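Dropping final-v2.tsv in here (TSV, C-alpha atoms):
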```tsv
chain	number	residue	atom	x	y	z
A	1	LYS	CA	124.61	83.43	109.61
A	2	GLN	CA	122.57	86.09	111.40
A	3	GLU	CA	119.03	86.56	110.12
A	4	VAL	CA	116.62	89.26	111.24
A	5	THR	CA	112.87	89.04	110.74
A	6	GLN	CA	110.29	91.76	111.31
A	7	ILE	CA	106.59	91.23	111.78
A	8	PRO	CA	104.26	92.55	110.49
A	9	ALA	CA	105.53	93.69	107.10
A	10	ALA	CA	102.90	96.44	107.02
A	11	LEU	CA	100.58	97.96	109.57
A	12	SER	CA	97.83	100.55	109.26
A	13	VAL	CA	96.32	102.08	112.41
A	14	PRO	CA	94.12	105.05	113.33
A	15	GLU	CA	95.72	108.04	114.99
A	16	GLY	CA	96.06	107.74	118.77
A	17	GLU	CA	96.46	103.98	118.86
A	18	ASN	CA	99.29	102.30	120.75
A	19	LEU	CA	101.18	99.76	118.66
A	20	VAL	CA	103.93	97.16	118.81
A	21	LEU	CA	106.43	96.23	116.13
A	22	ASN	CA	108.27	92.94	116.42
A	23	CYS	CA	111.80	91.91	115.52
A	24	SER	CA	113.49	88.53	115.92
A	25	PHE	CA	117.07	87.43	115.27
A	26	THR	CA	118.67	84.02	115.02
A	27	ASP	CA	122.08	84.50	116.67
A	28	SER	CA	122.06	85.90	120.21
A	29	ALA	CA	125.76	86.88	120.06
A	30	ILE	CA	125.09	90.55	119.39
A	31	TYR	CA	126.69	93.78	120.59
A	32	ASN	CA	123.49	95.74	120.36
A	33	LEU	CA	120.15	96.10	118.60
A	34	GLN	CA	119.07	99.30	116.94
A	35	TRP	CA	115.74	100.57	115.70
A	36	PHE	CA	115.70	102.96	112.77
A	37	ARG	CA	113.09	104.92	110.93
A	38	GLN	CA	113.20	105.51	107.17
A	39	ASP	CA	111.03	108.01	105.32
A	40	PRO	CA	110.49	107.52	101.57
A	41	GLY	CA	113.57	108.37	99.52
A	42	LYS	CA	115.58	109.22	102.63
A	43	GLY	CA	118.29	107.68	104.74
A	44	LEU	CA	117.85	106.03	108.12
A	45	THR	CA	117.29	107.87	111.37
A	46	SER	CA	118.41	106.11	114.54
A	47	LEU	CA	115.59	105.89	117.08
A	48	LEU	CA	116.89	103.69	119.89
A	49	LEU	CA	119.96	101.57	120.59
A	50	ILE	CA	119.83	98.79	123.18
A	51	GLN	CA	123.16	97.36	124.26
A	52	SER	CA	123.32	93.59	124.69
A	53	SER	CA	123.45	93.98	128.49
A	54	GLN	CA	120.33	96.17	128.60
A	55	ARG	CA	116.67	95.17	128.63
A	56	GLU	CA	115.03	98.31	127.30
A	57	GLN	CA	115.44	101.90	126.17
A	58	THR	CA	112.94	104.74	126.06
A	59	SER	CA	112.78	107.95	124.09
A	60	GLY	CA	109.63	110.03	124.28
A	61	ARG	CA	106.71	107.95	123.02
A	62	LEU	CA	109.02	105.11	121.96
A	63	ASN	CA	110.05	102.16	124.07
A	64	ALA	CA	112.19	99.30	122.83
A	65	SER	CA	112.81	96.06	124.69
A	66	LEU	CA	115.40	93.35	124.13
A	67	ASP	CA	115.31	89.70	125.15
A	68	LYS	CA	118.65	88.47	123.89
A	69	SER	CA	118.24	84.89	125.04
A	70	SER	CA	115.07	84.42	123.01
A	71	GLY	CA	116.29	86.57	120.11
A	72	ARG	CA	113.44	89.07	120.26
A	73	SER	CA	112.91	92.80	120.42
A	74	THR	CA	109.80	94.95	120.36
A	75	LEU	CA	109.29	98.61	119.56
A	76	TYR	CA	106.32	100.13	121.32
A	77	ILE	CA	104.89	103.39	119.98
A	78	ALA	CA	102.43	105.16	122.25
A	79	ALA	CA	99.66	107.45	121.05
A	80	SER	CA	100.59	107.16	117.38
A	81	GLN	CA	100.46	110.24	115.12
A	82	PRO	CA	100.31	110.64	111.32
A	83	GLY	CA	103.91	111.90	111.45
A	84	ASP	CA	104.95	108.45	112.70
A	85	SER	CA	104.14	107.02	109.27
A	86	ALA	CA	107.39	105.54	107.92
A	87	THR	CA	109.23	102.25	107.56
A	88	TYR	CA	110.73	100.99	110.81
A	89	LEU	CA	113.84	98.86	110.59
A	90	CYS	CA	115.43	96.68	113.21
A	91	ALA	CA	119.15	95.86	113.00
A	92	VAL	CA	121.60	93.87	115.10
A	93	GLU	CA	125.29	94.61	115.34
A	94	THR	CA	127.46	91.53	115.45
A	95	SER	CA	130.94	92.92	114.73
A	96	GLY	CA	132.40	96.39	114.42
A	97	SER	CA	129.82	98.56	112.77
A	98	ARG	CA	128.39	95.74	110.66
A	99	LEU	CA	124.61	95.70	110.98
A	100	THR	CA	122.24	93.00	109.81
A	101	PHE	CA	118.85	94.48	109.01
A	102	GLY	CA	115.34	93.14	108.93
A	103	GLU	CA	113.06	93.84	105.98
A	104	GLY	CA	111.20	96.52	107.90
A	105	THR	CA	107.62	97.26	108.94
A	106	GLN	CA	105.81	99.87	106.87
A	107	LEU	CA	103.62	101.84	109.27
A	108	THR	CA	100.73	104.07	108.21
A	109	VAL	CA	98.95	106.14	110.84
A	110	ASN	CA	95.64	107.46	109.53
A	111	PRO	CA	94.27	110.82	110.75
B	1	LYS	CA	126.66	119.86	113.54
B	2	ALA	CA	126.31	118.79	109.92
B	3	GLY	CA	125.08	115.27	109.30
B	4	VAL	CA	126.49	112.64	106.98
B	5	THR	CA	126.71	114.06	103.47
B	6	GLN	CA	126.53	111.89	100.39
B	7	THR	CA	127.11	113.06	96.85
B	8	PRO	CA	125.69	112.91	94.32
B	9	ARG	CA	122.05	112.32	95.32
B	10	TYR	CA	121.15	110.75	92.01
B	11	LEU	CA	123.14	109.04	89.27
B	12	ILE	CA	122.18	107.42	86.01
B	13	LYS	CA	124.77	105.19	84.37
B	14	THR	CA	124.90	102.67	81.55
B	15	ARG	CA	125.83	99.01	81.90
B	16	GLY	CA	129.58	98.52	81.77
B	17	GLN	CA	130.45	101.97	83.08
B	18	GLN	CA	131.97	102.64	86.46
B	19	VAL	CA	130.82	105.00	89.18
B	20	THR	CA	132.28	106.68	92.28
B	21	LEU	CA	130.14	107.72	95.23
B	22	SER	CA	131.31	110.04	97.98
B	23	CYS	CA	130.56	110.24	101.69
B	24	SER	CA	131.57	112.87	104.25
B	25	PRO	CA	131.00	111.66	107.82
B	26	ILE	CA	129.92	113.74	110.77
B	27	SER	CA	132.80	115.84	112.04
B	28	GLY	CA	134.85	113.78	114.50
B	29	HIS	CA	133.49	110.44	113.30
B	30	ARG	CA	136.25	108.17	112.10
B	31	SER	CA	134.33	105.04	111.13
B	32	VAL	CA	132.45	104.92	107.84
B	33	SER	CA	130.39	102.01	106.54
B	34	TRP	CA	128.46	101.51	103.33
B	35	TYR	CA	125.18	99.70	102.68
B	36	GLN	CA	123.21	98.82	99.58
B	37	GLN	CA	119.41	98.97	99.73
B	38	THR	CA	117.24	97.27	97.09
B	39	PRO	CA	113.55	96.29	97.16
B	40	GLY	CA	114.43	92.60	96.78
B	41	GLN	CA	117.39	92.22	99.14
B	42	GLY	CA	116.75	94.99	101.63
B	43	LEU	CA	119.73	96.60	103.33
B	44	GLN	CA	123.01	94.76	102.90
B	45	PHE	CA	126.41	95.61	104.35
B	46	LEU	CA	129.11	96.45	101.80
B	47	PHE	CA	132.19	97.43	103.80
B	48	GLU	CA	133.51	99.45	106.73
B	49	TYR	CA	136.53	101.71	107.02
B	50	PHE	CA	138.35	103.05	110.03
B	51	SER	CA	141.63	104.98	109.99
B	52	GLU	CA	141.92	104.51	106.22
B	53	THR	CA	141.77	100.70	106.60
B	54	GLN	CA	139.01	98.37	105.54
B	55	ARG	CA	137.96	96.51	108.69
B	56	ASN	CA	135.04	94.53	107.39
B	57	LYS	CA	133.66	93.49	104.03
B	58	GLY	CA	130.28	92.13	103.05
B	59	ASN	CA	129.47	89.47	100.51
B	60	PHE	CA	129.78	91.52	97.33
B	61	PRO	CA	131.90	90.90	94.21
B	62	GLY	CA	135.26	92.55	93.72
B	63	ARG	CA	133.65	95.12	91.40
B	64	PHE	CA	132.66	96.91	94.59
B	65	SER	CA	135.53	98.68	96.30
B	66	GLY	CA	136.09	101.60	98.58
B	67	ARG	CA	138.61	103.69	100.37
B	68	GLN	CA	138.89	106.18	103.19
B	69	PHE	CA	141.00	109.28	103.28
B	70	SER	CA	142.96	110.79	106.17
B	71	ASN	CA	140.12	113.25	106.85
B	72	SER	CA	137.75	110.25	107.24
B	73	ARG	CA	135.87	111.01	104.03
B	74	SER	CA	135.13	107.86	102.07
B	75	GLU	CA	134.44	106.87	98.50
B	76	MET	CA	133.05	103.70	97.04
B	77	ASN	CA	133.54	102.60	93.47
B	78	VAL	CA	131.58	100.15	91.38
B	79	SER	CA	133.17	99.02	88.14
B	80	THR	CA	131.58	97.29	85.14
B	81	LEU	CA	128.08	98.24	86.24
B	82	GLU	CA	125.25	95.73	85.93
B	83	LEU	CA	121.50	96.34	85.91
B	84	GLY	CA	121.30	94.67	89.32
B	85	ASP	CA	123.54	97.35	90.83
B	86	SER	CA	120.63	99.79	90.67
B	87	ALA	CA	120.00	100.65	94.30
B	88	LEU	CA	120.10	103.25	97.05
B	89	TYR	CA	123.64	103.33	98.45
B	90	LEU	CA	123.78	104.51	102.04
B	91	CYS	CA	126.78	105.66	103.99
B	92	ALA	CA	126.86	105.69	107.79
B	93	SER	CA	129.34	107.09	110.26
B	94	SER	CA	130.15	106.56	113.91
B	95	LEU	CA	132.82	107.76	116.30
B	96	VAL	CA	134.77	104.51	116.28
B	97	PRO	CA	133.79	100.93	115.43
B	98	GLY	CA	132.16	98.77	118.07
B	99	ALA	CA	131.60	101.61	120.51
B	100	ASN	CA	127.94	100.76	121.01
B	101	SER	CA	127.05	104.14	119.59
B	102	PRO	CA	124.32	104.56	116.99
B	103	LEU	CA	125.16	104.80	113.33
B	104	HIS	CA	124.27	108.05	111.60
B	105	PHE	CA	123.15	107.60	108.02
B	106	GLY	CA	123.23	109.97	105.08
B	107	ASN	CA	120.32	110.35	102.68
B	108	GLY	CA	122.01	108.08	100.17
B	109	THR	CA	122.89	108.09	96.49
B	110	ARG	CA	120.24	106.67	94.19
B	111	LEU	CA	122.04	104.82	91.38
B	112	THR	CA	120.12	103.75	88.28
B	113	VAL	CA	121.86	101.52	85.75
B	114	THR	CA	120.27	101.34	82.30
```

Can the structure in the file be given as structure tokens, please?
Amino acid sequence: KQEVTQIPAALSVPEGENLVLNCSFTDSAIYNLQWFRQDPGKGLTSLLLIQSSQREQTSGRLNASLDKSSGRSTLYIAASQPGDSATYLCAVETSGSRLTFGEGTQLTVNP
Amino acid sequence: KAGVTQTPRYLIKTRGQQVTLSCSPISGHRSVSWYQQTPGQGLQFLFEYFSETQRNKGNFPGRFSGRQFSNSRSEMNVSTLELGDSALYLCASSLVPGANSPLHFGNGTRLTVT
């Protein structure tokens, strides 16, 4: 059974800091890994999708890496801003559109 | 292009009642999946539909069911509601299943069972 773990559970940083969120998964037989952002009371917004054959994806200040063999992914956020405050969720797709999610990292960026 | 639309946004029901939630996917998306989000269990997969057929089902009791219509809109139904069914129910759509394309989520339906 696939299990996804995210560390840390919560993170508070000053504005402008670079930060790394971690995600690990137990079964390396994945189609892809996705990072999402969730604002309070809202749905999920897809940030980056890394296919199983890829090593990393970048979008603006975000960079996500994938090491499938070791079951790890990181989300790097450069020059953090207060607007980045949200819960960040990592999910792996193992069949069809079935995602297994981690518990999330709650990020607070202080002005 | 309109995003994934879920209705209603909020629902309050009593134990033992049943409820139907609706999801309209992004235009052109034919795959719809449903997730339950609770503080204790996090996000859990309920089921996935494609071309009006259920392709995948999560580990939930038979009280949870769904369907998809020919226009790709989907509904999920929960019968004999229990207090533990209180959750945010999220619907997501994609072009087709397994296409390595990101899922697009709606803002969810917040169900409270009293």

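Residues of protein, DNA or RNA having at least one counted atom within 8 Å of (140.2, 105.5, 103.1), given only C-alpha atoms, are Tyr49, Phe50, Ser51, Glu52, Thr53, Gln54, Gly66, Arg67, Gln68, Phe69, Ser70, Ser72, Arg73, Ser74 and Glu75 of chain B.
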
Distance in Å - CA of Arg72 in chain A versus CA of Phe36 in chain A: 15.9 Å

- request: Give as a PyMOL selection string every residue of chain A that touches chain B within 10 Å, counting only C-alpha atoms.
  value: chain A and resi 31-36+38-39+41-52+89+91+93-104

field: Selection near range 12-19 of chain B, 7 Å with all atoms listed in the file, sequence-local residues under 2 positions removed, as a VMD selection string
entry: chain B and resid 10 21 77 to 83 111 to 114

Write the residues you've just listed into a file as a PDB file, keeping the file's coordinate frame, and include C-alpha atoms for each of them.
```
ATOM      1  CA  TYR B  10     121.150 110.750  92.010  1.00  0.00           C
ATOM      2  CA  LEU B  21     130.140 107.720  95.230  1.00  0.00           C
ATOM      3  CA  ASN B  77     133.540 102.600  93.470  1.00  0.00           C
ATOM      4  CA  VAL B  78     131.580 100.150  91.380  1.00  0.00           C
ATOM      5  CA  SER B  79     133.170  99.020  88.140  1.00  0.00           C
ATOM      6  CA  THR B  80     131.580  97.290  85.140  1.00  0.00           C
ATOM      7  CA  LEU B  81     128.080  98.240  86.240  1.00  0.00           C
ATOM      8  CA  GLU B  82     125.250  95.730  85.930  1.00  0.00           C
ATOM      9  CA  LEU B  83     121.500  96.340  85.910  1.00  0.00           C
ATOM     10  CA  LEU B 111     122.040 104.820  91.380  1.00  0.00           C
ATOM     11  CA  THR B 112     120.120 103.750  88.280  1.00  0.00           C
ATOM     12  CA  VAL B 113     121.860 101.520  85.750  1.00  0.00           C
ATOM     13  CA  THR B 114     120.270 101.340  82.300  1.00  0.00           C
TER      14      THR B 114
END
```

Would you pick out the contacts of range 18-24 of chain A at 8 Å or less, using only C-alpha atoms, so that residues sharing its chain but fewer than 2 positions from it are not included, and give the list as a PDB file with C-alpha atoms, in the frame of the given file?
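Everything below was put into part_0.pdb:
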```pdb
ATOM      1  CA  VAL A   4     116.620  89.260 111.240  1.00  0.00           C
ATOM      2  CA  THR A   5     112.870  89.040 110.740  1.00  0.00           C
ATOM      3  CA  GLN A   6     110.290  91.760 111.310  1.00  0.00           C
ATOM      4  CA  ILE A   7     106.590  91.230 111.780  1.00  0.00           C
ATOM      5  CA  PRO A   8     104.260  92.550 110.490  1.00  0.00           C
ATOM      6  CA  GLY A  16      96.060 107.740 118.770  1.00  0.00           C
ATOM      7  CA  THR A  26     118.670  84.020 115.020  1.00  0.00           C
ATOM      8  CA  GLY A  71     116.290  86.570 120.110  1.00  0.00           C
ATOM      9  CA  ARG A  72     113.440  89.070 120.260  1.00  0.00           C
ATOM     10  CA  SER A  73     112.910  92.800 120.420  1.00  0.00           C
ATOM     11  CA  THR A  74     109.800  94.950 120.360  1.00  0.00           C
ATOM     12  CA  LEU A  75     109.290  98.610 119.560  1.00  0.00           C
ATOM     13  CA  TYR A  76     106.320 100.130 121.320  1.00  0.00           C
ATOM     14  CA  ILE A  77     104.890 103.390 119.980  1.00  0.00           C
ATOM     15  CA  ALA A  78     102.430 105.160 122.250  1.00  0.00           C
ATOM     16  CA  ALA A  79      99.660 107.450 121.050  1.00  0.00           C
ATOM     17  CA  SER A  80     100.590 107.160 117.380  1.00  0.00           C
ATOM     18  CA  CYS A  90     115.430  96.680 113.210  1.00  0.00           C
ATOM     19  CA  GLY A 102     115.340  93.140 108.930  1.00  0.00           C
ATOM     20  CA  THR A 105     107.620  97.260 108.940  1.00  0.00           C
TER      21      THR A 105
END
```

task: Could you please determine the separation between CA of Asp85 in chain B and CA of Pro40 in chain A in Å, to one decimal place?
output: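 One can read the CA of Asp85 in chain B to CA of Pro40 in chain A distance as 19.7 Å.
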
query: Quick one: distance from CA of Arg37 in chain A to CA of Pro8 in chain B in Å, one decimal?
result: 22.3 Å

Scan for residues within 10 Å of the point (96.2, 106.5, 108.7) in the coordinates of the file, using all atoms listed in the file, and reply as a CSV table (one decimal) with C-alpha atoms, keeping the file's coordinate frame.
```csv
chain,number,residue,atom,x,y,z
A,11,LEU,CA,100.6,98.0,109.6
A,12,SER,CA,97.8,100.6,109.3
A,13,VAL,CA,96.3,102.1,112.4
A,14,PRO,CA,94.1,105.0,113.3
A,15,GLU,CA,95.7,108.0,115.0
A,80,SER,CA,100.6,107.2,117.4
A,81,GLN,CA,100.5,110.2,115.1
A,82,PRO,CA,100.3,110.6,111.3
A,83,GLY,CA,103.9,111.9,111.4
A,84,ASP,CA,105.0,108.4,112.7
A,85,SER,CA,104.1,107.0,109.3
A,107,LEU,CA,103.6,101.8,109.3
A,108,THR,CA,100.7,104.1,108.2
A,109,VAL,CA,99.0,106.1,110.8
A,110,ASN,CA,95.6,107.5,109.5
A,111,PRO,CA,94.3,110.8,110.8
```

Around all the atoms of range 13-18 of chain A listed in the file, with 3 Å of room on each side, what axis-aligned box do you get, giving centre and edge lengths in Å to one decimal, as JSON?
```
{"center_x": 96.7, "center_y": 105.1, "center_z": 116.6, "size_x": 11.2, "size_y": 12.0, "size_z": 14.3}
```

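Using all atoms listed in the file for every distance, the candidate list B:Gln37, B:Leu11, B:Asn71, B:Pro25 yields B:Gln37 as the residue closest to Ala87 in chain B.
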
message: For a quick check of understanding, using all atoms listed in the file, which of A:Ala86, A:Ala9, A:Ser59, A:Gln54 has the smallest distance to Ile30 in chain A?
response: A:Gln54
